[in-house]
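Chemist: Enclosed is the structure file upload26.tsv (TSV, C-alpha atoms and all ligand atoms).
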```tsv
chain	number	residue	atom	x	y	z
A	68	MET	CA	-189.81	27.48	-70.93
A	69	ILE	CA	-188.77	30.23	-73.30
A	70	ASP	CA	-185.25	31.54	-73.77
A	71	SER	CA	-186.03	34.93	-75.30
A	72	PHE	CA	-183.60	37.35	-77.00
A	73	LYS	CA	-183.87	39.49	-73.89
A	74	HIS	CA	-182.76	36.61	-71.65
A	75	LYS	CA	-179.95	35.68	-74.06
A	76	GLY	CA	-178.77	39.29	-74.05
A	77	LEU	CA	-178.85	39.54	-70.24
A	78	ARG	CA	-176.93	36.27	-70.03
A	79	LYS	CA	-174.27	37.57	-72.41
A	80	GLN	CA	-173.87	40.66	-70.21
A	81	LEU	CA	-173.53	38.44	-67.14
A	82	ILE	CA	-170.81	36.38	-68.86
A	83	ASP	CA	-168.94	39.59	-69.74
A	84	LEU	CA	-169.15	40.59	-66.07
A	85	LEU	CA	-167.79	37.19	-64.94
A	86	ARG	CA	-164.88	37.61	-67.39
A	87	HIS	CA	-164.29	41.09	-66.01
A	88	LYS	CA	-164.28	39.68	-62.45
A	89	GLY	CA	-161.50	37.26	-63.43
A	90	ILE	CA	-163.13	34.02	-64.59
A	91	ARG	CA	-160.89	32.66	-67.36
A	92	ASP	CA	-162.00	29.08	-67.98
A	93	GLU	CA	-163.81	29.19	-71.34
A	94	ARG	CA	-165.43	25.81	-70.65
A	95	VAL	CA	-167.15	27.35	-67.60
A	96	LEU	CA	-168.15	30.57	-69.38
A	97	GLN	CA	-169.55	28.64	-72.35
A	98	ALA	CA	-171.63	26.35	-70.12
A	99	MET	CA	-173.01	29.33	-68.20
A	100	GLU	CA	-173.80	31.15	-71.43
A	101	SER	CA	-175.64	28.20	-72.92
A	102	LEU	CA	-177.73	27.14	-69.87
A	103	PRO	CA	-180.58	29.60	-69.10
A	104	ARG	CA	-180.38	30.42	-65.37
A	105	HIS	CA	-183.94	31.80	-65.39
A	106	TYR	CA	-185.27	28.26	-65.98
A	107	PHE	CA	-184.30	27.59	-62.35
A	108	PHE	CA	-186.43	30.48	-61.04
A	109	ASP	CA	-190.21	30.69	-60.58
A	110	SER	CA	-191.59	32.65	-63.55
A	111	SER	CA	-192.49	35.68	-61.41
A	112	PHE	CA	-188.79	36.11	-60.56
A	113	HIS	CA	-187.25	35.67	-64.04
A	114	SER	CA	-186.10	39.29	-64.07
A	115	PHE	CA	-183.69	38.55	-61.18
A	116	ALA	CA	-182.00	35.56	-62.85
A	117	TYR	CA	-179.17	37.49	-64.53
A	118	ASP	CA	-178.16	39.66	-61.59
A	119	ASP	CA	-174.84	38.50	-60.13
A	120	LYS	CA	-176.52	37.66	-56.83
A	121	PRO	CA	-177.73	34.64	-54.90
A	122	PHE	CA	-181.52	34.22	-54.84
A	123	PRO	CA	-183.93	32.40	-52.46
A	124	ILE	CA	-185.18	29.00	-53.69
A	125	GLY	CA	-187.39	28.13	-50.69
A	126	ALA	CA	-186.74	26.19	-47.46
A	127	GLY	CA	-184.37	28.98	-46.37
A	128	GLN	CA	-181.85	28.08	-49.12
A	129	THR	CA	-180.40	29.92	-52.11
A	130	ILE	CA	-179.22	29.40	-55.67
A	131	SER	CA	-175.60	30.59	-55.46
A	132	GLN	CA	-174.40	33.84	-57.01
A	133	PRO	CA	-173.28	33.28	-60.65
A	134	TYR	CA	-169.74	34.47	-59.83
A	135	THR	CA	-169.53	31.87	-57.04
A	136	VAL	CA	-170.76	29.10	-59.36
A	137	ALA	CA	-168.19	30.14	-61.97
A	138	PHE	CA	-165.38	30.41	-59.38
A	139	GLN	CA	-166.05	26.99	-57.80
A	140	THR	CA	-166.45	25.34	-61.21
A	141	GLU	CA	-163.20	26.88	-62.46
A	142	LEU	CA	-161.33	25.58	-59.40
A	143	LEU	CA	-162.75	22.11	-60.04
A	144	ASP	CA	-161.06	22.03	-63.50
A	145	VAL	CA	-163.94	20.07	-65.05
A	146	ASN	CA	-163.13	17.76	-67.97
A	147	LYS	CA	-165.48	15.75	-70.18
A	148	GLY	CA	-166.11	12.37	-68.59
A	149	ASP	CA	-165.38	13.54	-65.01
A	150	LYS	CA	-167.50	11.74	-62.43
A	151	ILE	CA	-168.51	14.48	-60.00
A	152	LEU	CA	-170.20	14.38	-56.62
A	153	GLU	CA	-172.00	17.60	-55.69
A	154	ILE	CA	-173.10	18.22	-52.10
A	155	GLY	CA	-176.09	20.59	-51.94
A	156	THR	CA	-178.30	20.19	-55.05
A	157	GLY	CA	-180.50	23.20	-54.18
A	158	SER	CA	-182.11	24.32	-57.46
A	159	GLY	CA	-180.03	21.91	-59.56
A	160	TYR	CA	-178.38	24.78	-61.50
A	161	GLN	CA	-174.78	24.01	-60.49
A	162	ALA	CA	-175.29	20.29	-61.19
A	163	CYS	CA	-176.60	21.14	-64.69
A	164	ILE	CA	-173.61	23.43	-65.37
A	165	LEU	CA	-171.27	20.52	-64.57
A	166	ALA	CA	-173.33	18.18	-66.78
A	167	GLN	CA	-173.30	20.78	-69.56
A	168	MET	CA	-169.48	20.58	-69.41
A	169	GLY	CA	-169.62	16.83	-70.10
A	170	ALA	CA	-169.43	15.48	-66.54
A	171	ARG	CA	-171.56	12.74	-65.02
A	172	VAL	CA	-173.00	14.29	-61.89
A	173	TYR	CA	-174.24	12.73	-58.65
A	174	SER	CA	-175.86	15.37	-56.46
A	175	ILE	CA	-177.07	15.07	-52.85
A	176	GLU	CA	-179.61	17.29	-51.06
A	177	ARG	CA	-180.68	17.03	-47.40
A	178	ILE	CA	-184.00	18.92	-47.76
A	179	LYS	CA	-186.66	16.64	-49.20
A	180	SER	CA	-188.78	19.31	-50.92
A	181	LEU	CA	-185.73	20.67	-52.78
A	182	TYR	CA	-184.55	17.17	-53.67
A	183	LEU	CA	-187.97	16.22	-55.11
A	184	LYS	CA	-188.23	19.45	-57.07
A	185	ALA	CA	-184.72	19.20	-58.56
A	186	LYS	CA	-185.06	15.49	-59.38
A	187	ALA	CA	-188.25	16.17	-61.36
A	188	PHE	CA	-187.06	19.42	-62.95
A	189	VAL	CA	-183.46	18.71	-64.01
A	190	PRO	CA	-184.32	16.22	-66.83
A	191	THR	CA	-186.79	18.75	-68.30
A	192	VAL	CA	-183.93	21.14	-69.15
A	193	GLY	CA	-182.03	18.39	-70.93
A	194	CYS	CA	-179.61	17.57	-68.10
A	195	THR	CA	-179.73	13.82	-68.50
A	196	HIS	CA	-176.38	13.14	-66.84
A	197	VAL	CA	-177.45	14.36	-63.39
A	198	LYS	CA	-178.58	11.85	-60.75
A	199	CYS	CA	-180.24	13.35	-57.66
A	200	PHE	CA	-180.11	11.76	-54.19
A	201	TYR	CA	-181.83	12.56	-50.91
A	202	GLY	CA	-179.24	12.19	-48.17
A	203	ASP	CA	-176.58	13.67	-45.94
A	204	GLY	CA	-173.67	15.04	-47.94
A	205	TYR	CA	-171.27	14.57	-45.02
A	206	LYS	CA	-171.50	10.85	-45.78
A	207	GLY	CA	-171.15	11.17	-49.56
A	208	LEU	CA	-172.30	8.28	-51.76
A	209	PRO	CA	-170.02	5.34	-50.95
A	210	ALA	CA	-172.01	3.01	-53.24
A	211	TYR	CA	-171.13	5.19	-56.27
A	212	ALA	CA	-167.53	6.11	-55.33
A	213	PRO	CA	-164.87	6.87	-56.36
A	214	PHE	CA	-165.36	10.35	-57.83
A	215	SER	CA	-162.77	12.31	-59.81
A	216	LYS	CA	-164.14	15.61	-58.41
A	217	ILE	CA	-166.26	16.62	-55.41
A	218	LEU	CA	-167.95	20.02	-55.07
A	219	ILE	CA	-169.46	21.21	-51.78
A	220	THR	CA	-171.88	24.12	-52.25
A	221	ALA	CA	-172.54	24.87	-48.56
A	222	ALA	CA	-170.25	26.14	-45.78
A	223	ALA	CA	-168.43	23.23	-44.13
A	224	PRO	CA	-166.80	23.56	-40.68
A	225	TYR	CA	-164.27	20.83	-41.65
A	226	ILE	CA	-163.44	18.55	-44.59
A	227	PRO	CA	-165.51	15.38	-44.13
A	228	ASP	CA	-163.19	12.38	-44.08
A	229	ALA	CA	-165.77	10.20	-45.86
A	230	LEU	CA	-165.56	12.54	-48.86
A	231	ILE	CA	-161.75	12.42	-49.04
A	232	GLN	CA	-162.02	8.63	-49.03
A	233	GLN	CA	-164.48	8.76	-51.95
A	234	LEU	CA	-162.12	10.89	-54.08
A	235	THR	CA	-159.72	9.25	-56.57
A	236	VAL	CA	-155.97	9.85	-56.08
A	237	GLY	CA	-155.23	13.02	-58.10
A	238	GLY	CA	-158.87	14.09	-57.68
A	239	ILE	CA	-159.99	17.58	-56.60
A	240	LEU	CA	-162.49	18.62	-53.92
A	241	VAL	CA	-163.65	22.25	-53.66
A	242	VAL	CA	-165.22	23.45	-50.42
A	243	PRO	CA	-166.00	26.75	-48.68
A	244	LEU	CA	-164.39	25.98	-45.34
A	245	GLY	CA	-164.95	27.86	-42.09
A	246	SER	CA	-167.46	29.27	-39.63
A	247	ALA	CA	-171.08	30.22	-40.32
A	248	ASP	CA	-170.03	33.87	-40.86
A	249	VAL	CA	-167.23	33.51	-43.38
A	250	GLN	CA	-165.45	30.75	-45.26
A	251	VAL	CA	-162.24	30.33	-47.21
A	252	MET	CA	-162.72	28.73	-50.62
A	253	THR	CA	-160.42	25.74	-50.38
A	254	ARG	CA	-159.20	23.44	-53.15
A	255	VAL	CA	-158.12	20.03	-51.88
A	256	THR	CA	-156.04	17.69	-54.07
A	257	LYS	CA	-155.77	14.07	-52.98
A	258	THR	CA	-152.09	13.21	-53.41
A	259	GLN	CA	-152.23	9.56	-52.30
A	260	GLU	CA	-154.50	7.35	-50.18
A	261	GLY	CA	-154.71	9.04	-46.78
A	262	ALA	CA	-152.98	12.29	-47.85
A	263	TYR	CA	-153.98	15.56	-49.48
A	264	ARG	CA	-152.81	19.14	-49.93
A	265	THR	CA	-154.92	22.30	-49.76
A	266	GLU	CA	-154.84	25.77	-51.36
A	267	ASP	CA	-156.83	28.83	-50.25
A	268	HIS	CA	-158.73	30.93	-52.76
A	269	GLY	CA	-160.29	33.85	-50.90
A	270	TYR	CA	-163.29	34.56	-48.73
A	271	PHE	CA	-166.93	33.64	-49.48
A	272	ARG	CA	-170.22	33.35	-47.63
A	273	PHE	CA	-172.50	30.31	-47.98
A	274	VAL	CA	-175.49	28.79	-46.17
A	275	PRO	CA	-174.27	26.10	-43.74
A	276	LEU	CA	-173.63	22.43	-44.49
A	277	LEU	CA	-175.87	20.79	-41.88
A	278	GLU	CA	-175.51	17.26	-40.53
A	279	ASN	CA	-178.17	14.63	-41.33
A	280	LYS	CA	-181.16	14.71	-43.63
A	281	GLU	CA	-183.89	17.14	-42.50
A	282	ASP	CA	-186.20	14.32	-41.34
A	283	ASP	CA	-183.52	12.46	-39.32
A	284	HIS	CA	-184.45	14.41	-36.17
A	285	GLY	CA	-182.28	13.25	-33.28
A	286	ASN	CA	-181.35	10.14	-35.20
A	287	HIS	CA	-177.55	10.32	-34.85
A	301	LIG	N1	-175.85	24.10	-55.74
A	301	LIG	C1	-177.09	24.76	-55.49
A	301	LIG	C2	-177.71	25.36	-56.71
A	301	LIG	O1	-177.09	25.34	-57.79
A	301	LIG	O2	-178.84	25.84	-56.61
A	301	LIG	C3	-177.01	25.82	-54.40
A	301	LIG	C4	-176.72	25.23	-53.11
A	301	LIG	S1	-177.25	26.11	-51.68
A	301	LIG	C5	-176.10	27.42	-51.60
A	301	LIG	C6	-176.69	24.90	-50.47
A	301	LIG	C7	-177.52	23.63	-50.44
A	301	LIG	O3	-176.85	22.67	-49.61
A	301	LIG	C8	-178.90	23.83	-49.81
A	301	LIG	O4	-179.90	23.39	-50.70
A	301	LIG	C9	-178.85	22.97	-48.54
A	301	LIG	O5	-180.09	22.39	-48.18
A	301	LIG	C10	-177.83	21.92	-48.94
A	301	LIG	N2	-177.19	21.20	-47.83
A	301	LIG	C11	-176.78	21.71	-46.62
A	301	LIG	N3	-176.24	20.72	-45.87
A	301	LIG	C12	-176.31	19.57	-46.62
A	301	LIG	C13	-175.90	18.22	-46.41
A	301	LIG	N4	-175.34	17.81	-45.26
A	301	LIG	N5	-176.12	17.32	-47.39
A	301	LIG	C14	-176.71	17.70	-48.56
A	301	LIG	N6	-177.11	18.95	-48.83
A	301	LIG	C15	-176.91	19.88	-47.87
```
If you convert what's in this file into structure tokens, what do you get?
Ligand code: SAM
Modeler:
Amino acid sequence: MIDSFKHKGLRKQLIDLLRHKGIRDERVLQAMESLPRHYFFDSSFHSFAYDDKPFPIGAGQTISQPYTVAFQTELLDVNKGDKILEIGTGSGYQACILAQMGARVYSIERIKSLYLKAKAFVPTVGCTHVKCFYGDGYKGLPAYAPFSKILITAAAPYIPDALIQQLTVGGILVVPLGSADVQVMTRVTKTQEGAYRTEDHGYFRFVPLLENKEDDHGNH
């Protein structure tokens, strides 16, 4: 994989655009400037990697728009040493951004082909602190809990209780919450065991958070 001057230049322009759109967290902007997004695209589509748009990654899924990645990551207030659960690995890009910021990342994907691809690919771009899991994000990863932060990168109709339970007190969960058509970006802060408060941060549109792994047909 080559990170050419052209790609570096396009990335710099994208970071300027994110700043212009209101992203202020320098930790986020630095991580997005240092990690080449085109590495997460097939080589024939490299020219699309620095548009501020989502892009298909196969299996009907997308790598999120850079602005959305930056916005969710900023809301998560990522600190070095955070232990973060991501729901929806997809391409692995968001997980690598979190790892680039010094977090230890546990990421779950429900589509096996995407899980296998990300698990094999992520270490090749130097993201050694990302662990990939094949599973249903609604259930989280109880064996690895608690997490200081949880990031859901698909549209959830409700906040899964299992995930709130797996969050530390004082921890933050970010989720696009709502119907299939439109969601409200919601930041949840766990205030004590069994209690949390929420804040709304505008409208977004994500692919849906679906129940069960893809091969669990009818196995409820
Ligand atoms: N974070 C990804 C990236 O950086 O490329 C983009 C995520 S994409 C917008 C949403 C992902 O969530 C899809 O790959 C989808 O298969 C996955 N997903 C949907 N429901 C899920 C669930 N219940 N558990 C785990 N992953 C799920």
Chemist: Using all atoms listed in the file, which residues have at least one atom no more than 9 Å from ligand LIG 301 (chain A)? Output them as a count of residues only.
Modeler: 56
Chemist: Closest to A:Val95 among A:Thr140, A:Gln232, A:Gln80, A:Ser114, using only C-alpha atoms?
Modeler: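 Distance minimum relative to A:Val95 lands on A:Thr140.
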Chemist: With a distance cut-off of 6 Å and only C-alpha atoms, select the neighbouring residues of stretch 243-251 of chain A, excluding the residue or stretch itself and same-chain residues fewer than 6 positions from it, and output the selection as a list in words.
Modeler: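 Within the cut-off, the hits are Ala222, Ala223, Pro224, Gly269, Tyr270, Phe271 and Arg272 of chain A.
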Chemist: Find the distance between atom CA of A:Cys199 and atom CA of A:Asp118 and write it in Å to one decimal.
Modeler: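 For atom CA of A:Cys199 relative to atom CA of A:Asp118, the distance reads 26.7 Å.
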Chemist: Contacts of A:Leu142 at 12 Å or less, counting all atoms listed in the file, minus same-chain residues fewer than 2 places along, as number ranges by chain?
Modeler: A: 90-92, 94-95, 135-140, 144-146, 216-219, 238-243, 252-256, 266-269
Chemist: Please determine, counting only C-alpha atoms, which residue among A:Leu143, A:Val197, A:Ala262, A:Met99 has the shortest atom-to-atom distance to A:Val236.
Modeler: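 Going through A:Leu143, A:Val197, A:Ala262, A:Met99 one by one, the smallest distance to A:Val236 is for A:Ala262.
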Chemist: Using all atoms of stretch 160-168 of chain A that appear in the file, construct an axis-aligned enclosing box with 5 Å of padding on every side and provide its centre coordinates and edge lengths in Å, rounded to one decimal, as lines of an AutoDock Vina configuration file.
Modeler:
```
center_x = -173.9
center_y = 21.5
center_z = -65.0
size_x = 18.9
size_y = 16.6
size_z = 19.1
```
Chemist: Starting from the block above, write stretch 79-126 of chain A out to a file with N, CA and C atoms, as a CSV table (one decimal), in the first residue's frame, please.
Modeler:
```
chain,number,residue,atom,x,y,z
A,79,LYS,N,-5.3,16.1,3.5
A,79,LYS,CA,-5.2,17.4,4.1
A,79,LYS,C,-6.4,18.2,3.8
A,80,GLN,N,-6.8,18.2,2.5
A,80,GLN,CA,-8.0,19.0,2.1
A,80,GLN,C,-9.2,18.5,2.8
A,81,LEU,N,-9.3,17.2,3.0
A,81,LEU,CA,-10.5,16.6,3.7
A,81,LEU,C,-10.5,17.1,5.2
A,82,ILE,N,-9.3,17.1,5.8
A,82,ILE,CA,-9.3,17.5,7.2
A,82,ILE,C,-9.7,19.0,7.3
A,83,ASP,N,-9.2,19.8,6.4
A,83,ASP,CA,-9.6,21.2,6.3
A,83,ASP,C,-11.1,21.3,6.2
A,84,LEU,N,-11.8,20.5,5.4
A,84,LEU,CA,-13.2,20.5,5.2
A,84,LEU,C,-13.9,20.1,6.6
A,85,LEU,N,-13.4,19.1,7.2
A,85,LEU,CA,-14.0,18.6,8.5
A,85,LEU,C,-13.9,19.8,9.5
A,86,ARG,N,-12.8,20.5,9.6
A,86,ARG,CA,-12.6,21.6,10.5
A,86,ARG,C,-13.7,22.7,10.1
A,87,HIS,N,-13.8,22.9,8.8
A,87,HIS,CA,-14.8,23.9,8.4
A,87,HIS,C,-16.2,23.5,8.7
A,88,LYS,N,-16.5,22.2,8.8
A,88,LYS,CA,-17.8,21.7,9.1
A,88,LYS,C,-18.0,21.7,10.6
A,89,GLY,N,-17.0,22.0,11.4
A,89,GLY,CA,-17.2,22.2,12.8
A,89,GLY,C,-16.5,21.2,13.7
A,90,ILE,N,-15.7,20.3,13.2
A,90,ILE,CA,-15.0,19.3,14.0
A,90,ILE,C,-13.8,20.1,14.7
A,91,ARG,N,-13.8,20.0,16.0
A,91,ARG,CA,-12.8,20.8,16.8
A,91,ARG,C,-11.7,19.9,17.5
A,92,ASP,N,-12.0,18.7,17.7
A,92,ASP,CA,-11.1,17.8,18.5
A,92,ASP,C,-9.9,17.5,17.7
A,93,GLU,N,-8.8,18.1,18.1
A,93,GLU,CA,-7.5,17.9,17.4
A,93,GLU,C,-7.0,16.5,17.4
A,94,ARG,N,-7.4,15.7,18.4
A,94,ARG,CA,-7.0,14.3,18.5
A,94,ARG,C,-7.6,13.5,17.4
A,95,VAL,N,-8.9,13.9,17.1
A,95,VAL,CA,-9.7,13.2,16.0
A,95,VAL,C,-9.1,13.6,14.7
A,96,LEU,N,-8.9,14.9,14.5
A,96,LEU,CA,-8.4,15.4,13.2
A,96,LEU,C,-7.0,14.8,12.9
A,97,GLN,N,-6.1,14.8,13.9
A,97,GLN,CA,-4.8,14.2,13.7
A,97,GLN,C,-4.8,12.7,13.3
A,98,ALA,N,-5.7,12.0,14.0
A,98,ALA,CA,-5.8,10.5,13.7
A,98,ALA,C,-6.3,10.4,12.3
A,99,MET,N,-7.3,11.2,11.8
A,99,MET,CA,-7.8,11.0,10.5
A,99,MET,C,-6.8,11.5,9.4
A,100,GLU,N,-5.9,12.5,9.8
A,100,GLU,CA,-4.9,12.9,8.9
A,100,GLU,C,-3.8,11.9,8.7
A,101,SER,N,-3.5,11.2,9.8
A,101,SER,CA,-2.4,10.2,9.7
A,101,SER,C,-2.8,8.9,9.2
A,102,LEU,N,-4.1,8.5,9.3
A,102,LEU,CA,-4.4,7.1,8.8
A,102,LEU,C,-5.0,7.2,7.4
A,103,PRO,N,-4.3,6.6,6.4
A,103,PRO,CA,-4.8,6.7,5.0
A,103,PRO,C,-6.2,6.0,4.8
A,104,ARG,N,-7.2,6.7,4.5
A,104,ARG,CA,-8.5,6.1,4.3
A,104,ARG,C,-8.6,5.2,3.0
A,105,HIS,N,-7.7,5.6,2.0
A,105,HIS,CA,-7.8,4.8,0.8
A,105,HIS,C,-7.3,3.4,1.0
A,106,TYR,N,-6.5,3.1,2.1
A,106,TYR,CA,-6.1,1.7,2.4
A,106,TYR,C,-7.3,0.8,2.5
A,107,PHE,N,-8.4,1.4,2.9
A,107,PHE,CA,-9.6,0.6,3.3
A,107,PHE,C,-10.6,0.4,2.1
A,108,PHE,N,-10.1,0.9,0.9
A,108,PHE,CA,-10.8,0.8,-0.4
A,108,PHE,C,-10.1,-0.2,-1.3
A,109,ASP,N,-10.9,-0.9,-2.2
A,109,ASP,CA,-10.2,-1.7,-3.2
A,109,ASP,C,-9.5,-0.7,-4.1
A,110,SER,N,-8.3,-1.1,-4.7
A,110,SER,CA,-7.4,-0.2,-5.4
A,110,SER,C,-8.1,0.6,-6.5
A,111,SER,N,-9.1,-0.1,-7.2
A,111,SER,CA,-9.8,0.6,-8.3
A,111,SER,C,-10.7,1.8,-7.8
A,112,PHE,N,-10.9,1.9,-6.5
A,112,PHE,CA,-11.8,3.0,-6.0
A,112,PHE,C,-11.0,4.0,-5.2
A,113,HIS,N,-9.6,3.9,-5.2
A,113,HIS,CA,-8.9,4.9,-4.4
A,113,HIS,C,-9.2,6.3,-4.6
A,114,SER,N,-9.6,6.7,-5.8
A,114,SER,CA,-9.9,8.1,-6.1
A,114,SER,C,-11.1,8.6,-5.3
A,115,PHE,N,-11.9,7.7,-4.8
A,115,PHE,CA,-13.1,8.1,-4.0
A,115,PHE,C,-12.9,8.3,-2.5
A,116,ALA,N,-11.7,7.9,-2.1
A,116,ALA,CA,-11.5,7.7,-0.6
A,116,ALA,C,-11.5,9.0,0.1
A,117,TYR,N,-11.2,10.2,-0.6
A,117,TYR,CA,-11.1,11.4,0.2
A,117,TYR,C,-12.3,12.4,-0.1
A,118,ASP,N,-13.3,11.8,-0.8
A,118,ASP,CA,-14.6,12.5,-0.8
A,118,ASP,C,-15.3,12.4,0.5
A,119,ASP,N,-16.0,13.4,0.9
A,119,ASP,CA,-16.7,13.4,2.2
A,119,ASP,C,-18.0,12.7,2.0
A,120,LYS,N,-17.9,11.4,1.7
A,120,LYS,CA,-19.1,10.6,1.4
A,120,LYS,C,-18.9,9.2,1.9
A,121,PRO,N,-20.1,8.5,2.2
A,121,PRO,CA,-20.0,7.0,2.5
A,121,PRO,C,-19.6,6.3,1.2
A,122,PHE,N,-19.1,5.1,1.3
A,122,PHE,CA,-18.8,4.3,0.1
A,122,PHE,C,-19.1,2.8,0.3
A,123,PRO,N,-19.6,2.1,-0.7
A,123,PRO,CA,-20.0,0.7,-0.5
A,123,PRO,C,-18.7,-0.2,-0.2
A,124,ILE,N,-18.9,-1.1,0.7
A,124,ILE,CA,-17.8,-2.0,1.0
A,124,ILE,C,-18.1,-3.5,0.8
A,125,GLY,N,-19.3,-3.7,0.1
A,125,GLY,CA,-19.8,-5.1,-0.1
A,125,GLY,C,-20.8,-5.5,0.9
A,126,ALA,N,-21.5,-6.5,0.6
A,126,ALA,CA,-22.6,-7.1,1.5
A,126,ALA,C,-23.6,-6.0,1.8
```
